[in-house]
Each structure stands twice: as structure tokens, then as C-alpha cells.
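The data block below is upload-v6.txt; it holds compact mmCIF, C-alpha atoms and all ligand atoms.
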```txt
# COMPACT_ATOMS: atom_id res chain seq x y z
CA MET D 1 0.00 0.00 0.00
CA LYS D 2 1.31 3.47 -0.88
CA GLN D 3 2.66 5.70 1.91
CA SER D 4 3.24 9.44 1.83
CA GLN D 5 7.00 8.82 1.42
CA ASP D 6 6.35 7.17 -1.93
CA PHE D 7 5.47 10.60 -3.30
CA MET D 8 8.73 12.30 -2.35
CA ALA D 9 10.60 13.59 -5.37
CA ALA D 10 14.29 14.16 -5.83
CA ASP D 11 15.38 17.80 -5.69
CA TYR D 12 15.94 17.72 -9.47
CA PRO D 13 18.86 20.04 -10.06
CA THR D 14 17.94 20.54 -13.73
CA ASN D 15 17.46 24.10 -14.83
CA ASP D 16 14.29 23.93 -16.90
CA GLY D 17 14.49 27.66 -17.64
CA SER D 18 11.13 29.26 -17.82
CA GLY D 19 7.82 28.43 -19.39
CA VAL D 20 4.12 28.07 -18.81
CA ILE D 21 1.81 25.17 -18.07
CA ASN D 22 -1.82 25.69 -19.06
CA CYS D 23 -4.26 23.35 -17.39
CA GLU D 24 -7.71 23.04 -15.88
CA ALA D 25 -9.43 21.00 -13.19
CA PRO D 26 -13.16 20.63 -12.57
CA SER D 27 -15.20 20.71 -9.41
CA ASN D 28 -16.82 17.49 -8.19
CA ILE D 29 -20.03 16.58 -6.39
CA ALA D 30 -19.88 14.03 -3.58
CA LEU D 31 -22.53 11.30 -3.48
CA VAL D 32 -21.21 9.77 -0.24
CA LYS D 33 -19.91 12.72 1.76
CA TYR D 34 -16.55 13.47 3.35
CA TRP D 35 -17.32 15.15 6.67
CA GLY D 36 -14.75 14.83 9.45
CA LYS D 37 -10.98 14.44 9.25
CA THR D 38 -7.85 13.88 11.31
CA ALA D 39 -4.45 15.51 10.96
CA VAL D 40 -3.09 16.48 7.57
CA GLN D 41 -6.21 15.89 5.62
CA ILE D 42 -6.92 12.25 6.44
CA PRO D 43 -10.66 11.65 5.97
CA ALA D 44 -12.65 10.07 8.81
CA ASN D 45 -14.63 8.05 6.25
CA PRO D 46 -14.44 7.15 2.57
CA SER D 47 -16.36 9.27 0.07
CA VAL D 48 -17.22 9.05 -3.62
CA SER D 49 -18.02 11.75 -6.15
CA PHE D 50 -18.96 12.43 -9.73
CA THR D 51 -16.37 14.64 -11.41
CA LEU D 52 -18.06 17.61 -13.09
CA ASN D 53 -17.46 18.83 -16.63
CA HIS D 54 -18.15 22.55 -16.96
CA SER D 55 -17.57 24.03 -13.48
CA LYS D 56 -13.80 24.33 -13.40
CA THR D 57 -10.72 26.37 -12.62
CA VAL D 58 -8.42 27.28 -15.49
CA THR D 59 -4.80 27.92 -14.47
CA ALA D 60 -1.73 29.15 -16.32
CA LEU D 61 1.32 28.34 -14.21
CA TYR D 62 4.26 30.49 -15.33
CA TYR D 63 7.56 29.27 -13.91
CA LYS D 64 11.00 30.87 -13.96
CA TYR D 65 14.16 29.13 -12.74
CA LEU D 66 15.99 30.80 -9.82
CA GLU D 67 19.75 30.32 -9.54
CA ASN D 68 19.44 30.28 -5.74
CA ALA D 69 16.55 28.36 -4.23
CA SER D 70 14.37 30.65 -2.10
CA PRO D 71 13.68 29.73 1.57
CA GLU D 72 9.93 29.67 0.92
CA VAL D 73 8.16 29.22 -2.39
CA SER D 74 8.12 32.45 -4.36
CA PHE D 75 4.86 33.17 -6.20
CA ASP D 76 2.37 35.80 -7.32
CA LEU D 77 -1.33 35.12 -7.70
CA ILE D 78 -3.29 36.72 -10.50
CA PHE D 79 -6.99 35.94 -10.13
CA GLU D 80 -9.30 36.99 -12.98
CA GLY D 81 -6.52 39.16 -14.43
CA LYS D 82 -5.71 41.07 -11.21
CA PHE D 83 -3.01 40.57 -8.59
CA ASN D 84 -4.80 39.02 -5.63
CA GLU D 85 -3.48 39.18 -2.06
CA ALA D 86 -6.59 37.78 -0.36
CA PHE D 87 -6.20 34.22 -1.72
CA LYS D 88 -2.42 34.12 -1.20
CA PRO D 89 -2.33 32.72 2.37
CA LYS D 90 -4.25 29.61 1.28
CA ILE D 91 -1.80 29.03 -1.58
CA ARG D 92 1.18 29.70 0.71
CA LYS D 93 -0.18 27.10 3.15
CA PHE D 94 -0.58 24.68 0.26
CA PHE D 95 3.04 25.18 -0.83
CA GLU D 96 4.23 24.66 2.76
CA LEU D 97 2.37 21.35 2.94
CA VAL D 98 3.52 20.05 -0.45
CA GLU D 99 7.13 21.26 -0.65
CA THR D 100 8.52 18.04 0.92
CA TYR D 101 7.03 16.12 -2.01
CA VAL D 102 7.96 18.63 -4.74
CA PRO D 103 11.17 20.21 -3.37
CA PHE D 104 12.07 21.60 -6.80
CA VAL D 105 9.37 24.29 -6.35
CA LYS D 106 11.83 26.38 -4.33
CA HIS D 107 13.99 26.67 -7.46
CA TYR D 108 11.28 28.59 -9.29
CA HIS D 109 9.33 31.79 -9.14
CA PHE D 110 5.71 31.13 -10.08
CA GLU D 111 3.10 33.43 -11.52
CA ILE D 112 -0.23 31.69 -11.08
CA HIS D 113 -2.91 33.09 -13.39
CA THR D 114 -6.25 31.58 -12.55
CA HIS D 115 -9.98 31.99 -13.07
CA ASN D 116 -13.11 29.93 -12.54
CA THR D 117 -15.74 29.23 -15.17
CA PHE D 118 -18.43 29.77 -12.53
CA PRO D 119 -18.97 33.08 -10.73
CA HIS D 120 -16.88 33.48 -7.57
CA SER D 121 -19.90 34.51 -5.53
CA SER D 122 -22.09 31.61 -6.74
CA GLY D 123 -21.64 29.63 -3.55
CA ILE D 124 -19.96 26.86 -5.57
CA ALA D 125 -16.86 25.87 -3.64
CA SER D 126 -13.84 26.65 -5.78
CA SER D 127 -11.32 24.98 -3.47
CA ALA D 128 -11.66 21.55 -5.14
CA SER D 129 -11.13 22.83 -8.68
CA SER D 130 -8.51 25.47 -7.81
CA MET D 131 -6.36 23.17 -5.68
CA GLY D 132 -6.87 20.41 -8.25
CA ALA D 133 -5.65 22.66 -11.07
CA LEU D 134 -2.63 23.95 -9.13
CA ALA D 135 -1.57 20.45 -8.02
CA PHE D 136 -2.03 19.13 -11.55
CA GLY D 137 0.07 22.01 -12.93
CA LEU D 138 2.94 21.34 -10.50
CA ILE D 139 2.90 17.69 -11.46
CA GLN D 140 3.19 18.62 -15.14
CA LEU D 141 6.32 20.57 -14.19
CA GLU D 142 7.66 17.52 -12.36
CA LYS D 143 6.97 15.48 -15.50
CA LYS D 144 9.12 17.89 -17.53
CA LEU D 145 11.93 17.47 -14.99
CA ASN D 146 11.59 13.69 -14.89
CA PRO D 147 9.92 12.42 -18.09
CA GLU D 148 10.21 8.82 -16.95
CA LEU D 149 7.42 9.08 -14.38
CA SER D 150 4.31 7.15 -15.45
CA GLU D 151 0.97 8.78 -16.19
CA SER D 152 -0.78 6.76 -13.48
CA PHE D 153 1.82 7.72 -10.84
CA LEU D 154 1.57 11.38 -11.86
CA ASN D 155 -2.24 11.37 -11.59
CA GLN D 156 -2.02 9.74 -8.18
CA LYS D 157 0.55 12.26 -7.05
CA ALA D 158 -1.53 15.20 -8.37
CA SER D 159 -4.45 13.87 -6.32
CA PHE D 160 -2.17 13.40 -3.28
CA LEU D 161 -0.97 17.04 -3.49
CA ALA D 162 -4.47 18.39 -4.18
CA ARG D 163 -5.73 16.63 -1.02
CA LEU D 164 -3.24 18.59 1.06
CA GLY D 165 -4.75 21.82 -0.32
CA SER D 166 -8.37 20.75 0.20
CA GLY D 167 -9.62 17.23 0.90
CA SER D 168 -12.30 17.09 -1.77
CA ALA D 169 -9.82 18.42 -4.38
CA CYS D 170 -8.19 14.99 -4.58
CA ARG D 171 -11.38 13.78 -6.28
CA SER D 172 -11.03 16.38 -9.10
CA ILE D 173 -8.03 14.95 -10.99
CA GLU D 174 -9.78 12.04 -12.69
CA GLY D 175 -13.33 11.08 -13.61
CA PRO D 176 -16.13 10.22 -13.95
CA LEU D 177 -16.22 8.58 -10.51
CA VAL D 178 -13.59 8.86 -7.77
CA VAL D 179 -13.37 7.20 -4.36
CA TRP D 180 -11.22 8.81 -1.67
CA GLY D 181 -10.56 7.03 1.62
CA LYS D 182 -9.86 3.42 2.51
CA HIS D 183 -12.81 1.14 1.82
CA ALA D 184 -12.84 -2.65 2.08
CA GLN D 185 -14.50 -3.17 -1.31
CA VAL D 186 -12.44 -0.70 -3.34
CA LYS D 187 -9.09 -2.18 -4.29
CA GLU D 188 -6.18 0.28 -3.99
CA SER D 189 -8.38 2.79 -2.16
CA SER D 190 -6.39 5.12 0.04
CA ASP D 191 -6.78 7.92 2.56
CA LEU D 192 -3.95 9.72 0.73
CA PHE D 193 -5.41 10.16 -2.77
CA GLY D 194 -8.48 9.47 -4.89
CA VAL D 195 -8.84 6.38 -7.10
CA LYS D 196 -11.15 5.36 -9.91
CA PRO D 197 -12.97 2.26 -8.63
CA ALA D 198 -12.41 -0.79 -10.81
CA LEU D 199 -15.99 -1.11 -11.99
CA GLU D 200 -17.80 -0.54 -15.22
CA ILE D 201 -20.30 2.17 -14.43
CA HIS D 202 -23.72 1.60 -16.00
CA PRO D 203 -24.28 3.67 -19.18
CA VAL D 204 -27.15 5.60 -17.54
CA PHE D 205 -24.60 7.20 -15.19
CA SER D 206 -21.88 7.88 -17.75
CA ASP D 207 -23.49 11.15 -18.89
CA TYR D 208 -25.47 11.93 -15.73
CA GLN D 209 -26.62 15.53 -15.39
CA ASP D 210 -26.05 17.90 -12.47
CA THR D 211 -28.04 21.12 -12.58
CA ILE D 212 -26.99 23.33 -9.68
CA LEU D 213 -29.65 25.68 -8.34
CA LEU D 214 -28.01 28.77 -6.82
CA ILE D 215 -30.13 29.38 -3.74
CA ASP D 216 -27.73 31.45 -1.67
CA ILE D 217 -24.75 33.18 -3.16
CA GLY D 218 -23.10 34.89 -0.16
CA GLU D 219 -20.31 33.78 2.18
CA LYS D 220 -21.26 30.75 4.27
CA SER D 221 -21.73 31.31 8.00
CA VAL D 222 -19.60 28.24 8.86
CA SER D 223 -16.79 27.03 6.59
CA SER D 224 -16.29 23.37 5.65
CA SER D 225 -13.01 23.35 7.58
CA GLN D 226 -14.83 24.43 10.76
CA GLY D 227 -17.56 21.87 10.06
CA HIS D 228 -15.04 19.03 9.74
CA GLN D 229 -13.54 19.99 13.12
CA LEU D 230 -16.95 19.77 14.78
CA MET D 231 -17.06 16.04 14.02
CA HIS D 232 -14.45 15.59 16.77
CA GLY D 233 -16.44 14.63 19.85
CA HIS D 234 -19.70 14.72 17.86
CA PRO D 235 -22.21 12.38 19.59
CA PHE D 236 -23.09 10.58 16.33
CA ALA D 237 -19.66 10.61 14.68
CA GLN D 238 -18.78 6.91 14.95
CA ASN D 239 -22.17 5.77 13.65
CA ARG D 240 -21.95 8.27 10.82
CA PHE D 241 -18.49 7.06 9.74
CA ALA D 242 -19.69 3.42 9.79
CA GLN D 243 -22.80 4.41 7.80
CA ALA D 244 -20.62 6.02 5.10
CA HIS D 245 -18.75 2.73 4.56
CA ASP D 246 -22.04 0.88 4.23
CA GLN D 247 -23.68 3.43 1.91
CA LEU D 248 -20.58 3.46 -0.29
CA SER D 249 -20.70 -0.34 -0.70
CA LYS D 250 -24.36 -0.17 -1.71
CA LEU D 251 -23.91 2.83 -3.98
CA LEU D 252 -21.11 1.21 -5.97
CA ILE D 253 -23.39 -1.72 -6.75
CA ALA D 254 -26.19 0.64 -7.79
CA LEU D 255 -23.76 2.52 -10.06
CA GLU D 256 -22.66 -0.70 -11.67
CA ILE D 257 -26.07 -2.22 -12.33
CA GLY D 258 -27.89 1.05 -13.04
CA ASP D 259 -30.22 0.79 -10.03
CA LEU D 260 -31.68 4.30 -10.03
CA ASP D 261 -34.01 3.75 -7.04
CA GLN D 262 -31.12 2.70 -4.84
CA PHE D 263 -28.94 5.54 -6.21
CA ILE D 264 -31.62 8.07 -5.26
CA LYS D 265 -32.14 6.56 -1.81
CA ILE D 266 -28.46 6.67 -0.90
CA THR D 267 -27.64 10.02 -2.50
CA GLU D 268 -30.49 11.87 -0.80
CA SER D 269 -29.83 10.12 2.51
CA GLU D 270 -26.18 11.22 2.35
CA ALA D 271 -27.13 14.85 1.68
CA LEU D 272 -29.57 14.96 4.57
CA THR D 273 -27.18 13.10 6.89
CA LEU D 274 -24.46 15.67 6.15
CA HIS D 275 -26.80 18.47 7.19
CA ALA D 276 -28.06 16.44 10.17
CA MET D 277 -24.46 16.27 11.39
CA MET D 278 -24.26 20.07 11.20
CA MET D 279 -27.54 20.48 13.05
CA THR D 280 -26.41 18.12 15.84
CA SER D 281 -22.85 19.36 16.38
CA GLN D 282 -21.80 21.70 19.19
CA PRO D 283 -22.15 24.52 18.31
CA TYR D 284 -25.00 23.51 15.98
CA PHE D 285 -25.67 25.33 12.76
CA ILE D 286 -27.93 25.23 9.68
CA LEU D 287 -26.65 25.96 6.17
CA MET D 288 -29.88 25.13 4.33
CA LYS D 289 -32.26 28.01 3.57
CA PRO D 290 -36.07 27.85 3.44
CA GLU D 291 -35.75 27.74 -0.37
CA THR D 292 -33.57 24.62 -0.09
CA LEU D 293 -36.44 22.80 1.64
CA ARG D 294 -39.01 24.12 -0.80
CA VAL D 295 -36.95 22.73 -3.68
CA ILE D 296 -36.60 19.35 -1.95
CA GLU D 297 -40.38 19.14 -1.45
CA LYS D 298 -40.97 20.04 -5.10
CA VAL D 299 -38.46 17.42 -6.27
CA TRP D 300 -40.17 14.71 -4.22
CA ALA D 301 -43.62 15.70 -5.54
CA PHE D 302 -42.34 15.80 -9.14
CA ARG D 303 -40.74 12.37 -8.80
CA LYS D 304 -43.92 10.88 -7.39
CA GLU D 305 -46.07 12.40 -10.12
CA THR D 306 -43.87 11.73 -13.14
CA ALA D 307 -41.67 8.76 -12.11
CA VAL D 308 -38.71 10.70 -13.57
CA PRO D 309 -35.66 9.60 -11.51
CA LEU D 310 -34.69 13.11 -10.44
CA CYS D 311 -32.96 13.45 -7.07
CA PHE D 312 -31.00 16.04 -5.14
CA THR D 313 -27.81 16.34 -3.20
CA LEU D 314 -26.37 19.17 -1.13
CA ASP D 315 -22.87 20.37 -0.34
CA ALA D 316 -21.99 22.32 2.78
CA GLY D 317 -24.30 25.15 1.73
CA ALA D 318 -27.81 26.02 0.63
CA ASN D 319 -27.46 25.29 -3.10
CA VAL D 320 -29.20 22.22 -4.49
CA HIS D 321 -27.58 19.87 -7.00
CA LEU D 322 -30.22 18.12 -9.11
CA LEU D 323 -29.01 14.79 -10.49
CA TYR D 324 -30.76 12.93 -13.32
CA PRO D 325 -30.22 10.88 -16.50
CA LYS D 326 -29.53 12.76 -19.71
CA ALA D 327 -32.57 11.14 -21.33
CA ASN D 328 -34.77 13.16 -18.94
CA LYS D 329 -33.05 16.47 -19.54
CA LYS D 330 -35.81 18.28 -21.38
CA THR D 331 -38.54 17.31 -18.90
CA VAL D 332 -36.34 18.27 -15.94
CA LEU D 333 -35.26 21.62 -17.43
CA ASP D 334 -38.92 22.47 -18.13
CA PHE D 335 -39.75 21.59 -14.51
CA ILE D 336 -36.85 23.75 -13.24
CA GLN D 337 -37.95 26.68 -15.39
CA SER D 338 -41.57 26.51 -14.37
CA GLU D 339 -41.34 25.51 -10.70
CA LEU D 340 -37.86 25.92 -9.23
CA LEU D 341 -36.29 29.06 -10.65
CA ILE D 342 -38.33 31.22 -8.26
CA PHE D 343 -36.28 29.76 -5.40
CA CYS D 344 -32.93 30.70 -7.00
CA LYS D 345 -31.05 33.98 -6.41
CA ASN D 346 -31.49 36.04 -9.58
CA ASN D 347 -33.03 32.94 -11.23
CA ALA D 348 -29.51 31.55 -11.54
CA PHE D 349 -28.50 27.94 -12.08
CA ILE D 350 -25.50 26.12 -13.56
CA ASP D 351 -26.00 23.33 -16.04
CA ASP D 352 -23.32 20.69 -15.57
CA GLU D 353 -22.75 16.98 -16.11
CA VAL D 354 -20.32 14.19 -15.37
CA GLY D 355 -16.81 14.80 -16.74
CA SER D 356 -13.39 13.24 -16.97
CA GLY D 357 -11.07 15.29 -14.76
CA ALA D 358 -8.07 17.62 -14.98
CA LYS D 359 -6.24 18.16 -18.25
CA LEU D 360 -3.51 20.09 -20.00
CA LEU D 361 -4.76 22.76 -22.39
C1 LIG L 1 -19.52 18.85 2.23
O1 LIG L 1 -12.85 19.48 0.91
O2 LIG L 1 -14.00 21.68 1.29
O3 LIG L 1 -18.31 19.15 0.21
O4 LIG L 1 -10.56 19.46 3.34
O5 LIG L 1 -11.20 21.37 4.81
O6 LIG L 1 -10.77 21.76 2.38
P1 LIG L 1 -11.26 20.80 3.44
O7 LIG L 1 -12.80 20.56 3.18
P2 LIG L 1 -13.60 20.37 1.83
O8 LIG L 1 -14.91 19.61 2.38
C2 LIG L 1 -15.92 19.23 1.49
C3 LIG L 1 -17.07 18.71 2.23
C4 LIG L 1 -18.31 18.43 1.41
C5 LIG L 1 -18.46 16.94 1.13
C6 LIG L 1 -17.58 16.35 0.08
O9 LIG L 1 -17.21 17.02 -0.90
O10 LIG L 1 -17.30 15.14 0.21
```

Take the structure in this file and express it as C-alpha cells.
Amino acid sequence: MKQSQDFMAADYPTNDGSGVINCEAPSNIALVKYWGKTAVQIPANPSVSFTLNHSKTVTALYYKYLENASPEVSFDLIFEGKFNEAFKPKIRKFFELVETYVPFVKHYHFEIHTHNTFPHSSGIASSASSMGALAFGLIQLEKKLNPELSESFLNQKASFLARLGSGSACRSIEGPLVVWGKHAQVKESSDLFGVKPALEIHPVFSDYQDTILLIDIGEKSVSSSQGHQLMHGHPFAQNRFAQAHDQLSKLLIALEIGDLDQFIKITESEALTLHAMMMTSQPYFILMKPETLRVIEKVWAFRKETAVPLCFTLDAGANVHLLYPKANKKTVLDFIQSELLIFCKNNAFIDDEVGSGAKLL
């Protein structure tokens, strides 16, 4: 089984001059949720997500060789075309955590030009896609320095580095389905990086749709990082972690055989359990809004009436992800237009679907 040490790189002395790596990484939507962690981004339970296709971070990583390595990684951050100081501490922290594994980074000055394809204030977490894109970019630089490294090792290492930036980011390197966290039924699964489970996913899921209703677009009152911490000493934590293992086993079977009823049951249960954990932690908090519940009620009524296998999931926020087969797209979009848009801020939603992960541009 892979250990963190297996990802340590040599301090390649090669001067690779200067250049640019253009890449992108998508966001992902968890079906079985990661909620709770121990030191250095080790998840308390395994999770699984669909990689998204359109909601992504695009990054141009300019690098310039420095004759003398700097004591801490030297970089500038240019977000949406402007120098950005506010996001720098998070990137600095990321570099501090990853520099043992990519020591060559101290031999470069980086200019990180980055933007998201979704609006910053949409309430869509950009940490998964932004950390995914940055980690993937660094790994492309390592590949230049050591062309012998295999594609599969490099993807694993990109996921490993992304995890150190933000846990869920490790599920944004590959697609369409990624498991992160040790699980008895997923061979090679690891707490250190995401893996594609060795199963043939049923065709109905291969182009599954995710329409994201933007219910609340402001800053969240409690961040995910704070929420994870509140699982320490949470009265239901151990049962929740055990439940995640069980739901993941069942979900993988449903994904393989195309069992939509079971998929819906587990996905919605996971979303509500995530929010139940928030509501029962100390201090307790609620991230759903009244509109979130109105949408859920409407989805349930629509499903009962039409038998269309539409279901929802939630992240750590008020927005609602609507998941459904592509074959039902027209019916679902009509339903969203006529009945759900009134619950969205400025009638806004994002139309996304399952995708294949990070790539070079
Ligand atoms: C509710 O990955 O954002 O979206 O590791 O602290 O950066 P950090 O947390 P983050 O947590 C995501 C939690 C979630 C569920 C999930 O994506 O599995």
C-alpha cells in the first residue's frame, strides 16, 4: 500500500528555464460525503463523487528558474486578471504542505494566473477545482523534470498534493467517478489520494446531469473546515463514519447495475445526513435556507407524479444539485424553469454533467 514517502521527489537540479503550463481541473459533487478528518487531511470516512465537466478552474502556471533556491516558495497570484493578495495565504499554506514532495518548487518563481468558469460569488466551492488545477500544474512541471514518471503515478501524485490543499480536491483529478478514503471493497483505495474504482459504471450514469440551483450566493456562515472539526467529539460521529462505509458499498453496486431507485435513496440520505451532522454538532448550525427545503419538497412531488428519476444532493451550503439521467433532460429543465427558478437567487443555475477530470490545455 502506498505511503506518503512514496510521493517524495528528488530535488531535481535541472534548470528547466522558464515556461508556462496551461491546465484546468473541474469541481466534483460528492454522493457519499466526506465530513470529518484527522491531521493532515486524512478523511474520517471514505467518500465518492462524480467529477463535473463545466464548473472548473483554469490555471496558467508560469515558472522561472531561480539560480538560488528561495527559503519559501516564491509566487504571485493573479486571479481573474488582477493581482490578488486575499487568496495568497491559502496558496502559501498549500506550498508549505507540499514542498517536501515537490522540493524543486523552491527553485522557481511562479506566476499563477487563474480563473473559474463559474462566478466566484455563486456559492460553488472553488477549493476543489482550484487546488486540483494547481496540483495538476505542478505535477506537469515535475513530469518535464523527470519524463520517466508514469501517467498513473503522476495522476495519483496530483491527487495526493491536491488533497493537502483541500480534501475534496483529490477527487477532481480524474473522472467520472472517484473514491477517496480506505474502503474494504475498493481495491487500492487510500486515505492519501483518490482512485477510480475498478468497476464498469452503468451507461445511464456515464453522462449523468447535475443542474446546480443557486439558492444562496453569499459567504457561508460556517466554513467546511470548521464543520469538519466539529465532528471531533460529535455524539453521532462513529455511527456516521460506519454508515458512510455501508452506503458506499451499496452505492457502488447501484452505479454498476444502473439501479436508479437505490442511487436516489443513498444520494439523498447522504445529503440529509451531512446536514443532520451540522444540526447536531456543538455549536449547531444550519446551512440550508427555506428555499432549499421548498426545492426538496418540489423534487419529491415531481418524482412521485412523473416517475422521472430526479434526485437532489447538497454540499456544505444552501445550493441544491439536481441529479438525473440525460434522457430526462428536457422534462427536468422544463420543470426547473416553471417551478424551481423562483427559489434561485437572480433565477440563476449552472448546467453541468459528469466529466473526466483535470487536463492540460
Ligand atoms: C460537504 O474538501 O471543502 O463538500 O478538506 O477542509 O478543504 P477541506 O474541506 P472540503 O470539504 C468538502 C465537504 C463536502 C463533502 C464532500 O465534498 O465530500

(message) As a quick test: using only C-alpha atoms and all ligand atoms, which residues lie no more than 8 Å away from ligand LIG 1 (chain L)? Give them as a ChimeraX atom specification.
(response) /D:28-35,37,41,47-49,125,127-128,163-169,224-226,228,274,314-317

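CA of Phe110 in chain D to CA of Ala60 in chain D spans 9.9 Å [interatomic distance, one decimal].
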
(request) Using CA of Lys82 in chain D and CA of Thr59 in chain D as the two end points, give the distance in Å to one decimal. (result)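 About the pair CA of Lys82 in chain D and CA of Thr59 in chain D: they are 13.6 Å apart.
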
(request) Would you mind listing what lies within 8 Å of Asp352 in chain D as JSON, numbers by chain, with all atoms listed in the file counted and same-chain residues fewer than 6 positions away left out? (result) {"D": [52, 53, 54, 55, 209, 210, 211, 212]}

(message) Can you pull out the residues contacting Leu97 in chain D? Cut-off 9 Å, using only C-alpha atoms, and skip same-chain residues under 4 positions away; I want them as a list in words.
(response) Val40, Arg92, Lys93, Tyr101, Leu161, Leu164 and Gly165 of chain D

Next, the residues of the selection above should be written as a PDB file, keeping the file's coordinate frame with C-alpha atoms.
```pdb
ATOM      1  CA  VAL D  40      -3.090  16.480   7.570  1.00  0.00           C
ATOM      2  CA  ARG D  92       1.180  29.700   0.710  1.00  0.00           C
ATOM      3  CA  LYS D  93      -0.180  27.100   3.150  1.00  0.00           C
ATOM      4  CA  TYR D 101       7.030  16.120  -2.010  1.00  0.00           C
ATOM      5  CA  LEU D 161      -0.970  17.040  -3.490  1.00  0.00           C
ATOM      6  CA  LEU D 164      -3.240  18.590   1.060  1.00  0.00           C
ATOM      7  CA  GLY D 165      -4.750  21.820  -0.320  1.00  0.00           C
TER       8      GLY D 165
END
```

(request) Using CA of Ser338 in chain D and CA of Phe50 in chain D as the two end points, give the distance in Å to one decimal. (result) 27.0 Å

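For Gly227 in chain D, the set of protein, DNA and RNA residues having any atom at most 12 Å away, when counting all atoms listed in the file and skipping those fewer than 5 positions along the same chain, is Tyr34, Trp35, Gly36, Lys37, Lys220, Ser221, Val222, His232, His234, Leu274, His275, Ala276, Met277, Met278, Met279, Thr280, Ser281, Gln282, Pro283, Tyr284, Phe285, Ile286, Leu287, Asp315, Ala316 and Gly317 of chain D.
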
For range 241-337 of chain D against range 182-193 of chain D, with a cut-off of 9 Å and counting all atoms listed in the file, what is the closest atom pair and its distance in Å to one decimal for every residue that makes the cut, ordered by chain and number, as a Markdown table?
```
| residue | atom | partner | partner_atom | distance |
| --- | --- | --- | --- | --- |
| D:His245 | CA | D:His183 | CA | 6.7 |
| D:Leu248 | CA | D:His183 | CA | 8.4 |
| D:Ser249 | CA | D:Gln185 | CA | 6.8 |
```

For the contact check between range 227-281 of chain D and range 322-336 of chain D, emit one row per residue of range 227-281 of chain D within 10 Å, containing the shortest atom pair and the distance in Å rounded to one decimal, counting only C-alpha atoms, chain then rising number order, as a Markdown table.
```
| residue | atom | partner | partner_atom | distance |
| --- | --- | --- | --- | --- |
| D:Leu260 | CA | D:Tyr324 | CA | 9.3 |
| D:Ile264 | CA | D:Leu323 | CA | 8.9 |
| D:Thr267 | CA | D:Leu323 | CA | 9.4 |
```

Let me see the file: selected residues, C-alpha atoms, as a compact mmCIF listing (two decimals), in the coordinates of the input.
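The file below, part_12.txt, is the result:
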```txt
# COMPACT_ATOMS: atom_id res chain seq x y z
CA LEU D 260 -31.68 4.30 -10.03
CA ILE D 264 -31.62 8.07 -5.26
CA THR D 267 -27.64 10.02 -2.50
```

(request) Give the answer as one residue: which of D:Gly355, D:Gly17, D:Gly81, D:Pro26 has the shortest atom-to-atom distance to Cys170 in chain D, using all atoms listed in the file? (result)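 Result for the nearest residue to Cys170 in chain D: D:Pro26.
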
(request) Rank nothing, just name the residue among D:Lys2, D:His107, D:Arg171, D:Lys345 nearest to Pro197 in chain D, using all atoms listed in the file. (result)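 Of all the options, D:Arg171 lies closest to Pro197 in chain D.
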
Starting from 8 Å padding per side, set up an axis-aligned box that covers all listed atoms of range 35-43 of chain D and hand over centre and edge lengths in Å, one decimal, as AutoDock Vina command-line options.
```
--center_x -10.2 --center_y 14.1 --center_z 8.5 --size_x 30.2 --size_y 20.8 --size_z 21.7
```

(message) Measuring between all atoms listed in the file, which one of D:Asn68, D:Thr313, D:Asn347, D:Thr292 shows the shortest distance to Glu270 in chain D?
(response) D:Thr313

(message) Which residues are close to Gly19 in chain D, i.e. within 9 Å by all atoms listed in the file, leaving aside same-chain residues fewer than 3 positions away? Reply as a ChimeraX atom specification.
(response) /D:16,61-64
